[in-house]
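Accompanying notes for the structure given below.
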Amino acid sequence: MGETLLEVEDLHTRFRTRGGTVHAVEGVSFTVEAGEIVGIVGESGSGKSVTARSLVRLEDPGFIPEGSIDFDGIEMTEANERTVRRVRGDGMAMVFQDPMETLNPVFSVGEQIVESIKVHESPDRQRLLEYLNVPLFGSWDDRRGMRQRAIDLMGDVGIPHPDERISAYPHEFSGGMRQRAMLAIALAREPDLLVADEPTTALDVTIQAEILERIRELNEELGMGVLLITHDIGVVAELCDRVVVMYAGQVMEEGPVERVLTEPRHPYTESLLGCMPQNTSRGEPLNVIDGQVPSMIGEPTGCPFANRCGHSSVDCREAPLPEERVGDEHVSNCHHVDELATSTEVER
């Protein structure tokens, strides 16, 4: 691994609603090194996607009242719009969960990849007439070169016959092809860090495997860091170097993937692993975590998992979360670390 590329420290992201302030992300801290793949895993509603969007300053209508997002020496929480735009165009790219909500239906896939290339090359200015390919504004050679680069990128992410598909519109692509197109748009910016928010949601398992394998290959070939947001522990086990386990907007456990998944030291991580199909006996109903996710309106008190945890005590419900170092780079935010089983075996 290389030097630290992204350092998130005590990040808070909140939303004002009529019912009160929602504490969607509450004191989250983690790092991503250059060339490393880090996974953030947890149930729906645990704050994973809000964390990802906050990194690229797309948290609106939410706001960040405190915390630090240091990307390659740039403090994103204090950066002006011009600096943020430059980071999005040149340093940090994001693949969103639903490509149909992100891709523009009135432009071809090729045009959208070319536009991403232009943003990478000139993040501070986008000339409307050049964008519209008005002949007197801009070079035909430049446009041909960008079109060829777009074709090459489509091939890189596994879109078949890219020279023929470059003029296709998003609705003419399958779900897997649209996700590949989103990946091509992100890679057009030659990012140092790729933030992928549930990149395989709603895709069949074969396409999921192909896209995840492509992300791994691109990580190895380009040396870019990857932050993967997912609810699928199997994906984390297959792809990631380190994992951050989130629940109700807070980090429960963090560490090397193999260590966390084979020796979980937080009850929530144990519970997630227990819900995996391979950990359920044949013919038996799937395991579930009893109880409900707590309301995230208002200041949190104690451990958010306390109302669903078999180890819960008064400290869990009332005291701040401790940070217990339980191994090399392995941290658990739990009052009862020593009581937890450390022999859980998870097949990778």
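Labels for the structure tokens follow display order: chains A, B, ..., residues from 1 in each chain, ligands from 1.
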Query - Surrounding residues of Pro99 of chain A excluding itself and chain neighbours under 3 positions, 10 Å, only C-alpha atoms, as a count of residues only - result: 16
Find the residues near Ile289 of chain A: any atom within 10 Å, counting only C-alpha atoms, skip ones fewer than 2 places away on the same chain, and give them as a compact mmCIF listing (two decimals) with N, CA and C atoms, in the first residue's frame.
```txt
# COMPACT_ATOMS: atom_id res chain seq x y z
N TYR A 268 -22.44 -6.39 16.68
CA TYR A 268 -23.14 -6.12 15.42
C TYR A 268 -22.49 -6.86 14.26
N SER A 271 -23.47 -10.39 14.48
CA SER A 271 -24.86 -10.57 14.06
C SER A 271 -24.99 -10.55 12.54
N LEU A 272 -24.28 -9.65 11.88
CA LEU A 272 -24.31 -9.60 10.42
C LEU A 272 -23.80 -10.90 9.82
N GLY A 274 -23.77 -13.78 11.20
CA GLY A 274 -24.71 -14.85 11.50
C GLY A 274 -25.91 -14.88 10.57
N CYS A 275 -26.18 -13.76 9.89
CA CYS A 275 -27.31 -13.68 8.95
C CYS A 275 -26.95 -14.16 7.55
N ASN A 287 -31.28 -16.59 9.55
CA ASN A 287 -31.16 -15.81 10.78
C ASN A 287 -31.45 -14.34 10.50
N GLY A 291 -35.24 -6.94 16.65
CA GLY A 291 -35.32 -5.53 17.01
C GLY A 291 -35.30 -4.61 15.81
N GLN A 292 -35.32 -3.32 16.06
CA GLN A 292 -35.40 -2.29 15.02
C GLN A 292 -34.21 -1.34 15.10
N VAL A 293 -33.85 -0.79 13.95
CA VAL A 293 -32.82 0.25 13.92
C VAL A 293 -33.35 1.46 14.68
N ARG A 308 -30.56 -4.05 20.57
CA ARG A 308 -30.66 -5.31 19.82
C ARG A 308 -29.55 -6.29 20.21
N CYS A 309 -28.80 -5.94 21.22
CA CYS A 309 -27.57 -6.67 21.55
C CYS A 309 -27.73 -7.52 22.80
```
How close does segment 74-118 of chain A get to segment 150-167 of chain A? List, as a tab-separated table, each residue of segment 74-118 of chain A within 9 Å, its nearest atom pair and the distance in Å to one decimal, counting only C-alpha atoms.
```
residue	atom	partner	partner_atom	distance
A:Phe107	CA	A:Ser167	CA	9.0
A:Ser108	CA	A:Ser167	CA	5.5
A:Val109	CA	A:Ile166	CA	6.1
A:Gly110	CA	A:Ile166	CA	4.6
A:Glu111	CA	A:Ser167	CA	7.8
A:Ile113	CA	A:Ala150	CA	5.8
A:Val114	CA	A:Ala150	CA	6.0
A:Ile117	CA	A:Ala150	CA	8.1
```
Output file for the selection above: C-alpha atoms, as a PDB file, in the first residue's frame:
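The file below, out03.pdb, is the result:
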```pdb
ATOM      1  CA  PHE A 107     -27.279  12.306 -24.427  1.00  0.00           C
ATOM      2  CA  SER A 108     -25.557   9.227 -25.788  1.00  0.00           C
ATOM      3  CA  VAL A 109     -23.274   7.250 -23.511  1.00  0.00           C
ATOM      4  CA  GLY A 110     -20.286   8.288 -25.612  1.00  0.00           C
ATOM      5  CA  GLU A 111     -21.118  11.991 -25.263  1.00  0.00           C
ATOM      6  CA  ILE A 113     -17.933   9.886 -21.329  1.00  0.00           C
ATOM      7  CA  VAL A 114     -16.408  12.602 -23.544  1.00  0.00           C
ATOM      8  CA  ILE A 117     -12.873  13.644 -20.172  1.00  0.00           C
TER       9      ILE A 117
END
```
For the interface of segment 175-277 of chain A with segment 330-334 of chain A (cut-off 8 Å, counting only C-alpha atoms), please tabulate each contacting residue of segment 175-277 of chain A alongside its nearest pair of atoms and their separation in Å to one decimal, rows sorted by chain and increasing number, as a Markdown table.
```
| residue | atom | partner | partner_atom | distance |
| --- | --- | --- | --- | --- |
| A:Val251 | CA | A:Asn333 | CA | 7.3 |
| A:Met252 | CA | A:Asn333 | CA | 5.3 |
| A:Glu253 | CA | A:Ser332 | CA | 4.4 |
| A:Glu254 | CA | A:Val331 | CA | 5.3 |
| A:Gly255 | CA | A:His330 | CA | 4.1 |
| A:Pro256 | CA | A:His330 | CA | 6.7 |
| A:Arg259 | CA | A:His330 | CA | 7.6 |
| A:Val260 | CA | A:His330 | CA | 7.4 |
| A:Arg265 | CA | A:Ser332 | CA | 6.1 |
| A:His266 | CA | A:Ser332 | CA | 6.0 |
```
Just the selected residues (C-alpha atoms), exported as a PDB file, in the first residue's frame, please.
```pdb
ATOM      1  CA  VAL A 251     -18.474   2.962  13.095  1.00  0.00           C
ATOM      2  CA  MET A 252     -18.834  -0.259  15.074  1.00  0.00           C
ATOM      3  CA  GLU A 253     -15.656  -2.038  13.993  1.00  0.00           C
ATOM      4  CA  GLU A 254     -12.781  -1.522  11.578  1.00  0.00           C
ATOM      5  CA  GLY A 255      -9.789  -3.579  10.497  1.00  0.00           C
ATOM      6  CA  PRO A 256      -8.240  -5.931   7.950  1.00  0.00           C
ATOM      7  CA  ARG A 259      -9.315 -10.464  10.759  1.00  0.00           C
ATOM      8  CA  VAL A 260     -12.710  -8.750  11.110  1.00  0.00           C
ATOM      9  CA  ARG A 265     -15.019  -8.225  18.017  1.00  0.00           C
ATOM     10  CA  HIS A 266     -18.306  -6.319  17.943  1.00  0.00           C
TER      11      HIS A 266
END
```
Requested in this report: Calculate how many Å separate atom CA of Glu190 of chain A from atom CA of Glu329 of chain A, rounding to one decimal.
Outcome: 29.5 Å
Query raised in the report: Using only C-alpha atoms, which residues sit within 7 Å of segment 214-224 of chain A once same-chain residues fewer than 2 positions away are excluded, as an MDAnalysis selection string?
Result: chainID A and resid 34:35 157 191:193 210:212 226 239
Create the file for the chosen residues now, containing N, CA and C atoms and written as a short mmCIF file (atom, residue, chain, number, x, y, z; two decimals), in the first residue's frame.
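Generated output (selection_10.cif):
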```cif
data_model
loop_
_atom_site.label_atom_id
_atom_site.label_comp_id
_atom_site.auth_asym_id
_atom_site.auth_seq_id
_atom_site.Cartn_x
_atom_site.Cartn_y
_atom_site.Cartn_z
N ALA A 34 -3.42 4.93 -0.87
CA ALA A 34 -3.29 4.80 -2.31
C ALA A 34 -3.14 3.33 -2.69
N GLY A 35 -3.94 2.88 -3.65
CA GLY A 35 -3.87 1.50 -4.11
C GLY A 35 -4.63 0.52 -3.25
N VAL A 157 -13.81 -1.20 -19.56
CA VAL A 157 -14.75 -1.63 -18.52
C VAL A 157 -15.61 -2.81 -18.98
N PRO A 191 -9.12 9.09 -11.82
CA PRO A 191 -9.13 9.43 -10.38
C PRO A 191 -8.05 8.70 -9.60
N ASP A 192 -7.64 9.35 -8.52
CA ASP A 192 -6.77 8.68 -7.55
C ASP A 192 -7.60 7.82 -6.61
N LEU A 193 -8.88 8.22 -6.43
CA LEU A 193 -9.78 7.48 -5.56
C LEU A 193 -11.13 7.30 -6.25
N GLU A 210 -18.59 -9.93 -12.65
CA GLU A 210 -17.79 -9.32 -13.72
C GLU A 210 -17.40 -7.89 -13.38
N ILE A 211 -18.36 -7.11 -12.85
CA ILE A 211 -18.07 -5.71 -12.53
C ILE A 211 -17.09 -5.61 -11.36
N LEU A 212 -17.27 -6.44 -10.34
CA LEU A 212 -16.35 -6.42 -9.21
C LEU A 212 -14.95 -6.84 -9.63
N VAL A 226 -9.78 2.56 -3.82
CA VAL A 226 -11.21 2.31 -4.02
C VAL A 226 -11.89 2.29 -2.67
N LEU A 239 -13.29 -8.77 -2.25
CA LEU A 239 -12.64 -7.67 -2.96
C LEU A 239 -11.75 -6.78 -2.09
#
```
Report task. Extract the full set of strand (DSSP E) residues from segment 80-218 of chain A according to DSSP on the backbone, and format it as a list in words. Result ->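 Selection result, strand (DSSP E) within segment 80-218 of chain A: Met92, Ala93, Met94, Val95, Leu193, Leu194, Val195, Ala196 and Asp197 of chain A.
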